[in-house]
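*Asks:* One structure, pasted below without further comment.
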Amino acid sequence: LGDWAKLVGESQAWREASYGPLQACCCRFATPPPGGELWPDEELREAEVVVWAAAAMARCQASTPMGTAPPAAVALVELQSMMDEAPEPWQTWLWAAGSALAATAPAEHCQSMIEWMLPRAPWKTFAPELLEITELPFAEGMEQLCRMLPAGQPHIALGEQLVMLAFAERPQLGVHADTVRAQSLLLQAVRHSMGSEAQLLCAGLAQRVLPALRAAVDQEAEAAPSEAEPT
């Protein structure tokens, strides 16, 4: 798919045609199903594939100007209702594909795509064991978008939200080989969002993260069986 994206990337007509399925997907899901029914699995499966493919192509074509066409990532605004209302497991996969597409947005759309990704973090879906697949790509995309934020302008609220995501509580099933790497990328995103305001980051950690970690440690210590006194 990457080779195909590079092949058609030089032609504006081919680029527009290659995103035709994404545009058709937006049209298809513009109107909710009648009677409050859920979208059929077949249509949700197709939507996930279309969004994933669009993300892969946009990532490979990032260095090629889009001309007057809007970036593919803006389609997420039209698809978010369908994604948010989709039953599991489709919501997990649609959010993951959508986050991958959001991460391809150019600098002028980075703030809106960050706002799109934040409430759809992989920790908020149904199966913590899937974090092994979804968490690291989410963190990579978030770090990439935050890297494009305007310099010299601290985004304090965003930084605090990212800190909370980096240290989000997770069950044992949610811990995987890339957990630390994902946390590191989110903390890099915090640094991009805070800029030179390091003291704000420290204050946020002290007020929001450290008390929660301290409470979790105290709770674990109370729940642990007491060791027998040596005789």
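Chain labels A, B, ... are given in the sequence in which chains occur in the structure tokens; within each chain residues are numbered consecutively from 1, and ligands are likewise numbered from 1 in the order shown.
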Can you tell me, as an mmCIF file with N, CA and C atoms, in the first residue's frame, what residues are no more than 7 Å from region 73-84 of chain A when counting only C-alpha atoms, ignoring any on the same chain fewer than 2 positions away?
*Replies:*
```cif
data_model
loop_
_atom_site.group_PDB
_atom_site.id
_atom_site.type_symbol
_atom_site.label_atom_id
_atom_site.label_comp_id
_atom_site.auth_asym_id
_atom_site.auth_seq_id
_atom_site.Cartn_x
_atom_site.Cartn_y
_atom_site.Cartn_z
ATOM 1 N N CYS A 26 -18.033 8.721 4.261
ATOM 2 C CA CYS A 26 -18.620 9.873 4.954
ATOM 3 C C CYS A 26 -20.070 10.070 4.535
ATOM 4 N N PHE A 29 -22.422 7.316 6.115
ATOM 5 C CA PHE A 29 -22.714 7.410 7.542
ATOM 6 C C PHE A 29 -23.191 8.803 7.959
ATOM 7 N N ALA A 30 -23.508 9.640 6.986
ATOM 8 C CA ALA A 30 -23.989 10.983 7.315
ATOM 9 C C ALA A 30 -25.360 10.947 7.979
ATOM 10 N N PRO A 71 -7.095 17.876 3.815
ATOM 11 C CA PRO A 71 -6.429 16.637 4.225
ATOM 12 C C PRO A 71 -7.441 15.559 4.571
ATOM 13 N N ALA A 86 -20.694 3.087 17.694
ATOM 14 C CA ALA A 86 -20.498 1.706 17.255
ATOM 15 C C ALA A 86 -20.342 0.791 18.460
ATOM 16 N N GLN A 91 -15.950 -0.311 17.972
ATOM 17 C CA GLN A 91 -15.530 1.013 18.435
ATOM 18 C C GLN A 91 -14.019 1.047 18.672
ATOM 19 N N LEU A 94 -12.339 1.127 15.214
ATOM 20 C CA LEU A 94 -12.607 2.388 14.515
ATOM 21 C C LEU A 94 -11.853 3.547 15.159
ATOM 22 N N TRP A 95 -11.821 3.589 16.477
ATOM 23 C CA TRP A 95 -11.050 4.633 17.152
ATOM 24 C C TRP A 95 -9.564 4.513 16.819
ATOM 25 N N GLY A 98 -9.111 5.657 13.290
ATOM 26 C CA GLY A 98 -9.316 7.101 13.253
ATOM 27 C C GLY A 98 -8.139 7.864 13.836
ATOM 28 N N LEU A 101 -5.432 7.993 11.322
ATOM 29 C CA LEU A 101 -5.711 8.987 10.287
ATOM 30 C C LEU A 101 -5.509 10.400 10.820
ATOM 31 N N ALA A 102 -5.937 10.656 12.054
ATOM 32 C CA ALA A 102 -5.762 11.983 12.654
ATOM 33 C C ALA A 102 -4.289 12.372 12.707
ATOM 34 N N THR A 104 -2.039 11.961 10.670
ATOM 35 C CA THR A 104 -1.480 12.378 9.374
ATOM 36 C C THR A 104 -1.813 13.827 9.033
ATOM 37 N N ALA A 105 -2.548 14.498 9.887
ATOM 38 C CA ALA A 105 -2.977 15.868 9.583
ATOM 39 C C ALA A 105 -1.783 16.814 9.523
#
```
*Asks:* Hey, what does DSSP flag as helix (DSSP H, G or I) within region 6-212 of chain A? Can you give it to me as a PyMOL selection string?
*Replies:* chain A and resi 6-8+12-18+20-28+34-36+41-60+72-85+90-102+107-120+122-124+128-147+156-166+172-174+179-194+198-212
*Asks:* Can I get the selected residues back with C-alpha atoms, as a compact mmCIF listing (two decimals), in the first residue's frame?
*Replies:*
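That gives us selection_15.txt:
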```
# COMPACT_ATOMS: atom_id res chain seq x y z
CA LYS A 6 3.95 6.84 -3.57
CA LEU A 7 3.16 5.83 -7.15
CA VAL A 8 -0.05 7.85 -7.34
CA GLN A 12 -3.68 15.22 -8.04
CA ALA A 13 -6.38 13.31 -9.92
CA TRP A 14 -5.09 9.98 -8.65
CA ARG A 15 -4.83 11.31 -5.12
CA GLU A 16 -8.45 12.43 -5.18
CA ALA A 17 -9.56 9.10 -6.64
CA SER A 18 -7.62 7.15 -4.04
CA GLY A 20 -12.91 8.20 -3.02
CA PRO A 21 -13.82 5.33 -0.68
CA LEU A 22 -13.30 7.61 2.32
CA GLN A 23 -15.57 10.25 0.84
CA ALA A 24 -18.18 7.60 0.07
CA CYS A 25 -17.89 6.37 3.65
CA CYS A 26 -18.62 9.87 4.95
CA CYS A 27 -21.72 10.07 2.75
CA ARG A 28 -22.88 6.63 3.83
CA PRO A 34 -33.56 4.27 10.87
CA GLY A 35 -35.36 3.52 14.10
CA GLY A 36 -32.28 3.98 16.26
CA ASP A 41 -21.29 -5.34 11.38
CA GLU A 42 -20.52 -5.60 7.68
CA GLU A 43 -20.72 -1.82 7.22
CA LEU A 44 -18.67 -1.11 10.33
CA ARG A 45 -16.05 -3.59 9.16
CA GLU A 46 -15.87 -1.85 5.79
CA ALA A 47 -15.62 1.57 7.44
CA GLU A 48 -12.71 0.42 9.61
CA VAL A 49 -10.83 -0.87 6.57
CA VAL A 50 -11.50 2.31 4.58
CA VAL A 51 -10.27 4.59 7.39
CA TRP A 52 -7.21 2.41 8.01
CA ALA A 53 -6.33 2.43 4.29
CA ALA A 54 -6.78 6.20 4.09
CA ALA A 55 -4.44 6.62 7.08
CA ALA A 56 -1.81 4.42 5.45
CA MET A 57 -1.97 6.36 2.18
CA ALA A 58 -1.96 9.75 3.87
CA ARG A 59 1.06 8.76 5.94
CA CYS A 60 2.99 7.73 2.82
CA ALA A 72 -7.96 13.20 4.61
CA ALA A 73 -8.00 13.53 8.38
CA VAL A 74 -10.81 16.11 8.35
CA ALA A 75 -13.19 13.30 7.36
CA LEU A 76 -13.07 12.17 10.99
CA VAL A 77 -15.39 15.02 11.96
CA GLU A 78 -18.07 13.51 9.73
CA LEU A 79 -17.42 9.95 10.91
CA GLN A 80 -17.10 10.52 14.65
CA SER A 81 -20.78 9.97 15.49
CA MET A 82 -20.74 6.58 13.77
CA MET A 83 -17.48 5.65 15.52
CA ASP A 84 -18.64 6.77 18.97
CA GLU A 85 -21.95 4.91 18.70
CA TRP A 90 -15.90 -2.12 16.33
CA GLN A 91 -15.53 1.01 18.44
CA THR A 92 -12.03 -0.05 19.51
CA TRP A 93 -10.91 -0.71 15.93
CA LEU A 94 -12.61 2.39 14.52
CA TRP A 95 -11.05 4.63 17.15
CA ALA A 96 -7.65 3.08 16.47
CA ALA A 97 -7.98 3.59 12.71
CA GLY A 98 -9.32 7.10 13.25
CA SER A 99 -6.39 8.02 15.50
CA ALA A 100 -3.98 6.76 12.85
CA LEU A 101 -5.71 8.99 10.29
CA ALA A 102 -5.76 11.98 12.65
CA ALA A 107 0.30 21.46 11.13
CA GLU A 108 -2.67 23.74 10.52
CA HIS A 109 -5.03 20.99 11.66
CA CYS A 110 -2.95 19.54 14.49
CA GLN A 111 -4.91 21.15 17.33
CA SER A 112 -8.30 19.98 16.06
CA MET A 113 -6.96 16.45 15.54
CA ILE A 114 -5.46 16.38 19.04
CA GLU A 115 -8.89 17.35 20.37
CA TRP A 116 -10.40 14.54 18.29
CA MET A 117 -7.99 11.93 19.66
CA LEU A 118 -8.02 12.84 23.35
CA PRO A 119 -11.52 11.53 24.24
CA ARG A 120 -10.93 8.41 22.12
CA PRO A 122 -7.40 3.29 23.71
CA TRP A 123 -7.65 3.04 27.52
CA LYS A 124 -11.34 3.94 27.24
CA PRO A 128 -7.42 -3.84 28.07
CA GLU A 129 -5.58 -6.72 26.44
CA LEU A 130 -5.88 -4.90 23.10
CA LEU A 131 -3.65 -2.10 24.41
CA GLU A 132 -0.74 -4.18 23.16
CA ILE A 133 -1.98 -3.37 19.65
CA THR A 134 -3.54 0.07 20.02
CA GLU A 135 -1.63 2.00 22.69
CA LEU A 136 1.75 2.57 21.05
CA PRO A 137 0.33 3.79 17.68
CA PHE A 138 -1.94 6.18 19.60
CA ALA A 139 1.00 7.57 21.58
CA GLU A 140 3.12 7.90 18.44
CA GLY A 141 0.36 9.82 16.67
CA MET A 142 -0.25 12.10 19.64
CA GLU A 143 3.45 12.92 19.97
CA GLN A 144 3.65 13.67 16.26
CA LEU A 145 0.70 16.07 16.39
CA CYS A 146 1.91 17.81 19.55
CA ARG A 147 5.29 18.33 17.91
CA ILE A 156 -1.57 23.87 29.85
CA ALA A 157 -4.91 22.05 29.77
CA LEU A 158 -3.65 19.74 27.03
CA GLY A 159 -0.46 19.01 28.94
CA GLU A 160 -2.42 18.04 32.04
CA GLN A 161 -4.66 15.71 30.05
CA LEU A 162 -1.65 14.05 28.46
CA VAL A 163 -0.03 13.53 31.85
CA MET A 164 -3.18 11.83 33.07
CA LEU A 165 -3.18 9.60 29.99
CA ALA A 166 0.48 8.69 30.46
CA GLN A 172 -2.56 -6.16 34.67
CA LEU A 173 -3.89 -7.32 31.30
CA GLY A 174 -3.22 -3.84 29.94
CA THR A 179 3.85 0.24 27.80
CA VAL A 180 6.93 2.19 28.88
CA ARG A 181 7.62 3.30 25.31
CA ALA A 182 4.05 4.58 24.96
CA GLN A 183 4.29 6.45 28.27
CA SER A 184 7.58 8.00 27.16
CA LEU A 185 6.01 9.25 23.91
CA LEU A 186 3.08 10.77 25.78
CA LEU A 187 5.48 12.56 28.11
CA GLN A 188 7.32 13.88 25.06
CA ALA A 189 3.94 15.13 23.83
CA VAL A 190 3.52 16.86 27.21
CA ARG A 191 6.86 18.59 26.72
CA HIS A 192 5.82 19.77 23.25
CA SER A 193 2.52 21.10 24.58
CA MET A 194 4.04 22.86 27.60
CA ALA A 198 8.62 23.20 32.85
CA GLN A 199 7.39 24.48 36.20
CA LEU A 200 3.81 24.08 35.00
CA LEU A 201 4.50 20.46 34.16
CA CYS A 202 6.02 19.85 37.59
CA ALA A 203 3.05 21.50 39.26
CA GLY A 204 0.64 19.38 37.26
CA LEU A 205 2.47 16.20 38.24
CA ALA A 206 2.48 17.21 41.90
CA GLN A 207 -1.20 18.12 41.99
CA ARG A 208 -2.76 15.43 39.77
CA VAL A 209 -0.49 12.43 39.27
CA LEU A 210 1.56 11.97 42.42
CA PRO A 211 -1.41 11.96 44.83
CA ALA A 212 -3.11 9.28 42.73
```
*Asks:* Out of A:Asp178, A:Glu222, A:Glu169, A:Met148, which residue has the shortest atom-to-atom distance to Gly195 (chain A) when counting only C-alpha atoms?
*Replies:*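 Smallest separation from Gly195 (chain A) among the options: A:Met148.
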*Asks:* Would you compute the distance between CA of His155 (chain A) and CA of Ala168 (chain A)? Give it in Å to one decimal.
*Replies:*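 Value for the CA of His155 (chain A)-CA of Ala168 (chain A) distance: 19.9 Å.
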